[in-house]
$ cat work.pdb   # PDB, C-alpha atoms, pLDDT in the B column
ATOM      1  CA  MET A1287     -14.861 -13.403 -19.870  1.00 28.00           C
ATOM      2  CA  SER A1288     -14.074 -10.034 -21.423  1.00 28.00           C
ATOM      3  CA  TRP A1289     -11.736  -7.599 -19.700  1.00 26.00           C
ATOM      4  CA  PHE A1290     -13.938  -4.725 -20.903  1.00 28.00           C
ATOM      5  CA  THR A1291     -17.473  -3.923 -19.763  1.00 30.00           C
ATOM      6  CA  SER A1292     -20.295  -3.566 -22.255  1.00 33.00           C
ATOM      7  CA  GLY A1293     -19.753   0.213 -22.159  1.00 37.00           C
ATOM      8  CA  GLY A1294     -16.219  -0.189 -23.481  1.00 37.00           C
ATOM      9  CA  SER A1295     -14.326   0.637 -20.324  1.00 39.00           C
ATOM     10  CA  ARG A1296     -12.470  -1.646 -18.022  1.00 36.00           C
ATOM     11  CA  PRO A1297     -12.407  -1.531 -14.258  1.00 39.00           C
ATOM     12  CA  ALA A1298      -9.073  -0.572 -12.708  1.00 43.00           C
ATOM     13  CA  ALA A1299      -8.648   0.314  -9.030  1.00 46.00           C
ATOM     14  CA  HIS A1300     -11.682   1.085  -6.857  1.00 50.00           C
ATOM     15  CA  GLY A1301     -13.157   4.390  -8.032  1.00 54.00           C
ATOM     16  CA  THR A1302     -11.191   4.328 -11.274  1.00 52.00           C
ATOM     17  CA  THR A1303     -12.394   3.735 -14.811  1.00 51.00           C
ATOM     18  CA  THR A1304     -10.177   3.457 -17.868  1.00 47.00           C
ATOM     19  CA  THR A1305     -11.496   4.163 -21.345  1.00 48.00           C
ATOM     20  CA  PRO A1306      -9.104   2.343 -23.681  1.00 37.00           C
ATOM     21  CA  ALA A1307      -9.959   4.308 -26.826  1.00 35.00           C
ATOM     22  CA  ALA A1308      -9.176   7.626 -25.180  1.00 63.00           C
ATOM     23  CA  GLY A1309      -6.259   6.278 -23.128  1.00 84.00           C
ATOM     24  CA  ARG A1310      -7.433   8.184 -20.077  1.00 89.00           C
ATOM     25  CA  THR A1311      -8.219   7.242 -16.499  1.00 90.00           C
ATOM     26  CA  ALA A1312     -10.879   8.970 -14.376  1.00 93.00           C
ATOM     27  CA  THR A1313     -10.661   8.684 -10.591  1.00 94.00           C
ATOM     28  CA  VAL A1314     -13.184  10.099  -8.115  1.00 96.00           C
ATOM     29  CA  TYR A1315     -11.992  11.409  -4.758  1.00 98.00           C
ATOM     30  CA  ARG A1316     -13.839  12.624  -1.666  1.00 98.00           C
ATOM     31  CA  VAL A1317     -12.680  16.051  -0.518  1.00 98.00           C
ATOM     32  CA  SER A1318     -13.859  17.744   2.667  1.00 98.00           C
ATOM     33  CA  GLY A1319     -14.161  21.445   3.368  1.00 97.00           C
ATOM     34  CA  MET A1320     -15.443  22.648  -0.013  1.00 98.00           C
ATOM     35  CA  THR A1321     -18.431  24.981   0.255  1.00 97.00           C
ATOM     36  CA  CYS A1322     -18.521  27.418  -2.682  1.00 97.00           C
ATOM     37  CA  GLY A1323     -17.361  28.418  -6.142  1.00 97.00           C
ATOM     38  CA  HIS A1324     -14.058  29.670  -4.749  1.00 97.00           C
ATOM     39  CA  CYS A1325     -13.430  26.165  -3.406  1.00 97.00           C
ATOM     40  CA  ARG A1326     -14.164  24.698  -6.845  1.00 98.00           C
ATOM     41  CA  THR A1327     -11.754  27.120  -8.495  1.00 98.00           C
ATOM     42  CA  ALA A1328      -8.961  26.552  -5.948  1.00 98.00           C
ATOM     43  CA  VAL A1329      -9.140  22.744  -6.184  1.00 98.00           C
ATOM     44  CA  THR A1330      -9.462  22.779  -9.978  1.00 98.00           C
ATOM     45  CA  LYS A1331      -6.430  25.044 -10.336  1.00 98.00           C
ATOM     46  CA  SER A1332      -4.236  23.146  -7.880  1.00 98.00           C
ATOM     47  CA  VAL A1333      -5.064  19.632  -9.098  1.00 98.00           C
ATOM     48  CA  GLY A1334      -5.144  20.703 -12.738  1.00 98.00           C
ATOM     49  CA  ALA A1335      -1.545  21.942 -12.479  1.00 97.00           C
ATOM     50  CA  LEU A1336      -0.251  18.357 -12.118  1.00 96.00           C
ATOM     51  CA  ASP A1337       1.453  17.044 -15.259  1.00 91.00           C
ATOM     52  CA  GLU A1338      -0.584  13.835 -15.512  1.00 91.00           C
ATOM     53  CA  VAL A1339      -3.964  15.582 -15.154  1.00 95.00           C
ATOM     54  CA  VAL A1340      -6.043  16.132 -18.288  1.00 95.00           C
ATOM     55  CA  SER A1341      -9.196  17.486 -16.579  1.00 96.00           C
ATOM     56  CA  VAL A1342     -10.730  18.133 -13.161  1.00 97.00           C
ATOM     57  CA  ASP A1343     -14.442  18.189 -12.327  1.00 97.00           C
ATOM     58  CA  VAL A1344     -15.416  19.427  -8.858  1.00 98.00           C
ATOM     59  CA  ASP A1345     -18.841  18.706  -7.312  1.00 98.00           C
ATOM     60  CA  VAL A1346     -18.816  21.058  -4.315  1.00 98.00           C
ATOM     61  CA  ALA A1347     -22.209  19.953  -2.965  1.00 97.00           C
ATOM     62  CA  GLY A1348     -21.272  16.278  -3.153  1.00 98.00           C
ATOM     63  CA  GLY A1349     -17.705  16.795  -1.928  1.00 98.00           C
ATOM     64  CA  LEU A1350     -16.378  14.948  -4.971  1.00 98.00           C
ATOM     65  CA  VAL A1351     -13.484  15.660  -7.309  1.00 98.00           C
ATOM     66  CA  THR A1352     -13.177  13.663 -10.527  1.00 97.00           C
ATOM     67  CA  VAL A1353      -9.655  13.719 -11.932  1.00 96.00           C
ATOM     68  CA  THR A1354      -8.964  12.486 -15.449  1.00 95.00           C
ATOM     69  CA  ALA A1355      -5.375  11.553 -16.197  1.00 94.00           C
ATOM     70  CA  GLY A1356      -3.679  10.643 -19.435  1.00 90.00           C
ATOM     71  CA  GLY A1357      -2.776   6.960 -19.539  1.00 83.00           C
ATOM     72  CA  GLN A1358      -2.733   4.724 -16.483  1.00 83.00           C
ATOM     73  CA  PRO A1359      -0.802   6.522 -13.715  1.00 84.00           C
ATOM     74  CA  ASP A1360       0.644   4.627 -10.754  1.00 85.00           C
ATOM     75  CA  ASP A1361      -2.222   4.649  -8.221  1.00 86.00           C
ATOM     76  CA  THR A1362      -0.110   5.249  -5.115  1.00 92.00           C
ATOM     77  CA  ALA A1363       2.027   8.036  -6.551  1.00 93.00           C
ATOM     78  CA  PHE A1364      -0.953   9.640  -8.289  1.00 94.00           C
ATOM     79  CA  ASP A1365      -3.099   9.547  -5.130  1.00 95.00           C
ATOM     80  CA  THR A1366      -0.230  11.114  -3.155  1.00 96.00           C
ATOM     81  CA  ALA A1367       0.159  13.894  -5.730  1.00 97.00           C
ATOM     82  CA  ILE A1368      -3.602  14.559  -5.784  1.00 97.00           C
ATOM     83  CA  ALA A1369      -3.737  14.636  -1.959  1.00 98.00           C
ATOM     84  CA  ALA A1370      -0.854  17.141  -1.874  1.00 98.00           C
ATOM     85  CA  ALA A1371      -2.520  19.354  -4.501  1.00 98.00           C
ATOM     86  CA  VAL A1372      -5.838  19.287  -2.611  1.00 98.00           C
ATOM     87  CA  ASP A1373      -3.982  20.113   0.609  1.00 98.00           C
ATOM     88  CA  ASP A1374      -2.178  23.008  -1.123  1.00 98.00           C
ATOM     89  CA  ALA A1375      -5.589  24.353  -2.134  1.00 98.00           C
ATOM     90  CA  GLY A1376      -6.638  24.294   1.542  1.00 98.00           C
ATOM     91  CA  TYR A1377      -8.842  21.198   1.626  1.00 98.00           C
ATOM     92  CA  GLU A1378      -8.555  17.569   2.699  1.00 98.00           C
ATOM     93  CA  LEU A1379      -8.682  14.517   0.473  1.00 98.00           C
ATOM     94  CA  THR A1380     -10.459  11.839   2.505  1.00 97.00           C
ATOM     95  CA  GLY A1381     -10.219   8.951   0.023  1.00 96.00           C
ATOM     96  CA  ARG A1382     -11.435   7.459  -3.229  1.00 95.00           C
ATOM     97  CA  VAL A1383     -15.086   6.841  -3.955  1.00 94.00           C
TER      98      VAL A1383
END
$ encode --input "work.pdb" --output "structure tokens"
Amino acid sequence: MSWFTSGGSRPAAHGTTTTPAAGRTATVYRVSGMTCGHCRTAVTKSVGALDEVVSVDVDVAGGLVTVTAGGQPDDTAFDTAIAAAVDDAGYELTGRV
């Protein structure tokens, strides 16, 4: 059985996908309280300021924040850092998707 899926990525933790060629990990989080473009900007800026973060994609309507990190960060420490950044922006991280 192959470690990689047919699409070339391998499953990591729940809600996390690693693309080996790019060496990046994307994790989707649920965030409550976002309602507008200002919310998108605040969360993007706060989360994007973390050293490990390569990109942030915020879906305000869906209440989802996709965070792409370089490499394979430690899930617990990374989740804690993301939660703190979301909190600093004025919103609440309610878990991974």
$ resolve_selection --input "work.pdb" --expression "the PyMOL selection byres ((chain A and resi 1357-1365) around 8)" --output "VMD selection string"
chain A and resid 1299 1304 1309 to 1311 1338 1355 to 1356 1366 to 1369
$ atom_distance --input "work.pdb" --atom1 "CA of Cys1322 in chain A" --atom2 "CA of Leu1336 in chain A"
22.5 Å
$ residues_around --input "work.pdb" --residues "Leu1379 in chain A" --least-positions-apart "4" --cutoff "9 Å" --atoms "all atoms listed in the file" --output "list in words"
Tyr1315, Arg1316, Val1317, Ser1318, Ile1368, Ala1369, Ala1370, Val1372 and Asp1373 of chain A
$ write_last_selection --input "work.pdb" --atoms "C-alpha atoms" --output "mmCIF file, in the coordinates of the input"
data_model
loop_
_atom_site.group_PDB
_atom_site.id
_atom_site.type_symbol
_atom_site.label_atom_id
_atom_site.label_comp_id
_atom_site.auth_asym_id
_atom_site.auth_seq_id
_atom_site.Cartn_x
_atom_site.Cartn_y
_atom_site.Cartn_z
ATOM 1 C CA TYR A 1315 -11.992 11.409 -4.758
ATOM 2 C CA ARG A 1316 -13.839 12.624 -1.666
ATOM 3 C CA VAL A 1317 -12.680 16.051 -0.518
ATOM 4 C CA SER A 1318 -13.859 17.744 2.667
ATOM 5 C CA ILE A 1368 -3.602 14.559 -5.784
ATOM 6 C CA ALA A 1369 -3.737 14.636 -1.959
ATOM 7 C CA ALA A 1370 -0.854 17.141 -1.874
ATOM 8 C CA VAL A 1372 -5.838 19.287 -2.611
ATOM 9 C CA ASP A 1373 -3.982 20.113 0.609
#
$ resolve_selection --input "work.pdb" --expression "the PyMOL selection byres ((chain A and resi 1346) around 7)" --output "MDAnalysis selection string"
chainID A and resid 1320:1322 1326 1344:1345 1347:1350
$ write_last_selection --input "work.pdb" --atoms "C-alpha atoms" --output "tab-separated table (two decimals), in the frame of the given file"
chain	number	residue	atom	x	y	z
A	1320	MET	CA	-15.44	22.65	-0.01
A	1321	THR	CA	-18.43	24.98	0.26
A	1322	CYS	CA	-18.52	27.42	-2.68
A	1326	ARG	CA	-14.16	24.70	-6.84
A	1344	VAL	CA	-15.42	19.43	-8.86
A	1345	ASP	CA	-18.84	18.71	-7.31
A	1347	ALA	CA	-22.21	19.95	-2.96
A	1348	GLY	CA	-21.27	16.28	-3.15
A	1349	GLY	CA	-17.70	16.80	-1.93
A	1350	LEU	CA	-16.38	14.95	-4.97
$ resolve_selection --input "work.pdb" --expression "the PyMOL selection byres ((chain A and resi 1328) around 12)" --output "ChimeraX atom specification"
/A:1319-1327,1329-1335,1342-1344,1346,1351,1371-1377
$ write_last_selection --input "work.pdb" --atoms "C-alpha atoms" --output "PDB file, in the frame of the given file"
ATOM      1  CA  GLY A1319     -14.161  21.445   3.368  1.00 97.00           C
ATOM      2  CA  MET A1320     -15.443  22.648  -0.013  1.00 98.00           C
ATOM      3  CA  THR A1321     -18.431  24.981   0.255  1.00 97.00           C
ATOM      4  CA  CYS A1322     -18.521  27.418  -2.682  1.00 97.00           C
ATOM      5  CA  GLY A1323     -17.361  28.418  -6.142  1.00 97.00           C
ATOM      6  CA  HIS A1324     -14.058  29.670  -4.749  1.00 97.00           C
ATOM      7  CA  CYS A1325     -13.430  26.165  -3.406  1.00 97.00           C
ATOM      8  CA  ARG A1326     -14.164  24.698  -6.845  1.00 98.00           C
ATOM      9  CA  THR A1327     -11.754  27.120  -8.495  1.00 98.00           C
ATOM     10  CA  VAL A1329      -9.140  22.744  -6.184  1.00 98.00           C
ATOM     11  CA  THR A1330      -9.462  22.779  -9.978  1.00 98.00           C
ATOM     12  CA  LYS A1331      -6.430  25.044 -10.336  1.00 98.00           C
ATOM     13  CA  SER A1332      -4.236  23.146  -7.880  1.00 98.00           C
ATOM     14  CA  VAL A1333      -5.064  19.632  -9.098  1.00 98.00           C
ATOM     15  CA  GLY A1334      -5.144  20.703 -12.738  1.00 98.00           C
ATOM     16  CA  ALA A1335      -1.545  21.942 -12.479  1.00 97.00           C
ATOM     17  CA  VAL A1342     -10.730  18.133 -13.161  1.00 97.00           C
ATOM     18  CA  ASP A1343     -14.442  18.189 -12.327  1.00 97.00           C
ATOM     19  CA  VAL A1344     -15.416  19.427  -8.858  1.00 98.00           C
ATOM     20  CA  VAL A1346     -18.816  21.058  -4.315  1.00 98.00           C
ATOM     21  CA  VAL A1351     -13.484  15.660  -7.309  1.00 98.00           C
ATOM     22  CA  ALA A1371      -2.520  19.354  -4.501  1.00 98.00           C
ATOM     23  CA  VAL A1372      -5.838  19.287  -2.611  1.00 98.00           C
ATOM     24  CA  ASP A1373      -3.982  20.113   0.609  1.00 98.00           C
ATOM     25  CA  ASP A1374      -2.178  23.008  -1.123  1.00 98.00           C
ATOM     26  CA  ALA A1375      -5.589  24.353  -2.134  1.00 98.00           C
ATOM     27  CA  GLY A1376      -6.638  24.294   1.542  1.00 98.00           C
ATOM     28  CA  TYR A1377      -8.842  21.198   1.626  1.00 98.00           C
TER      29      TYR A1377
END
$ axis_aligned_box --input "work.pdb" --around "range 1363-1382 of chain A" --padding-each-side "3 Å" --output "lines of an AutoDock Vina configuration file"
center_x = -4.7
center_y = 15.9
center_z = -2.8
size_x = 19.5
size_y = 22.9
size_z = 17.0
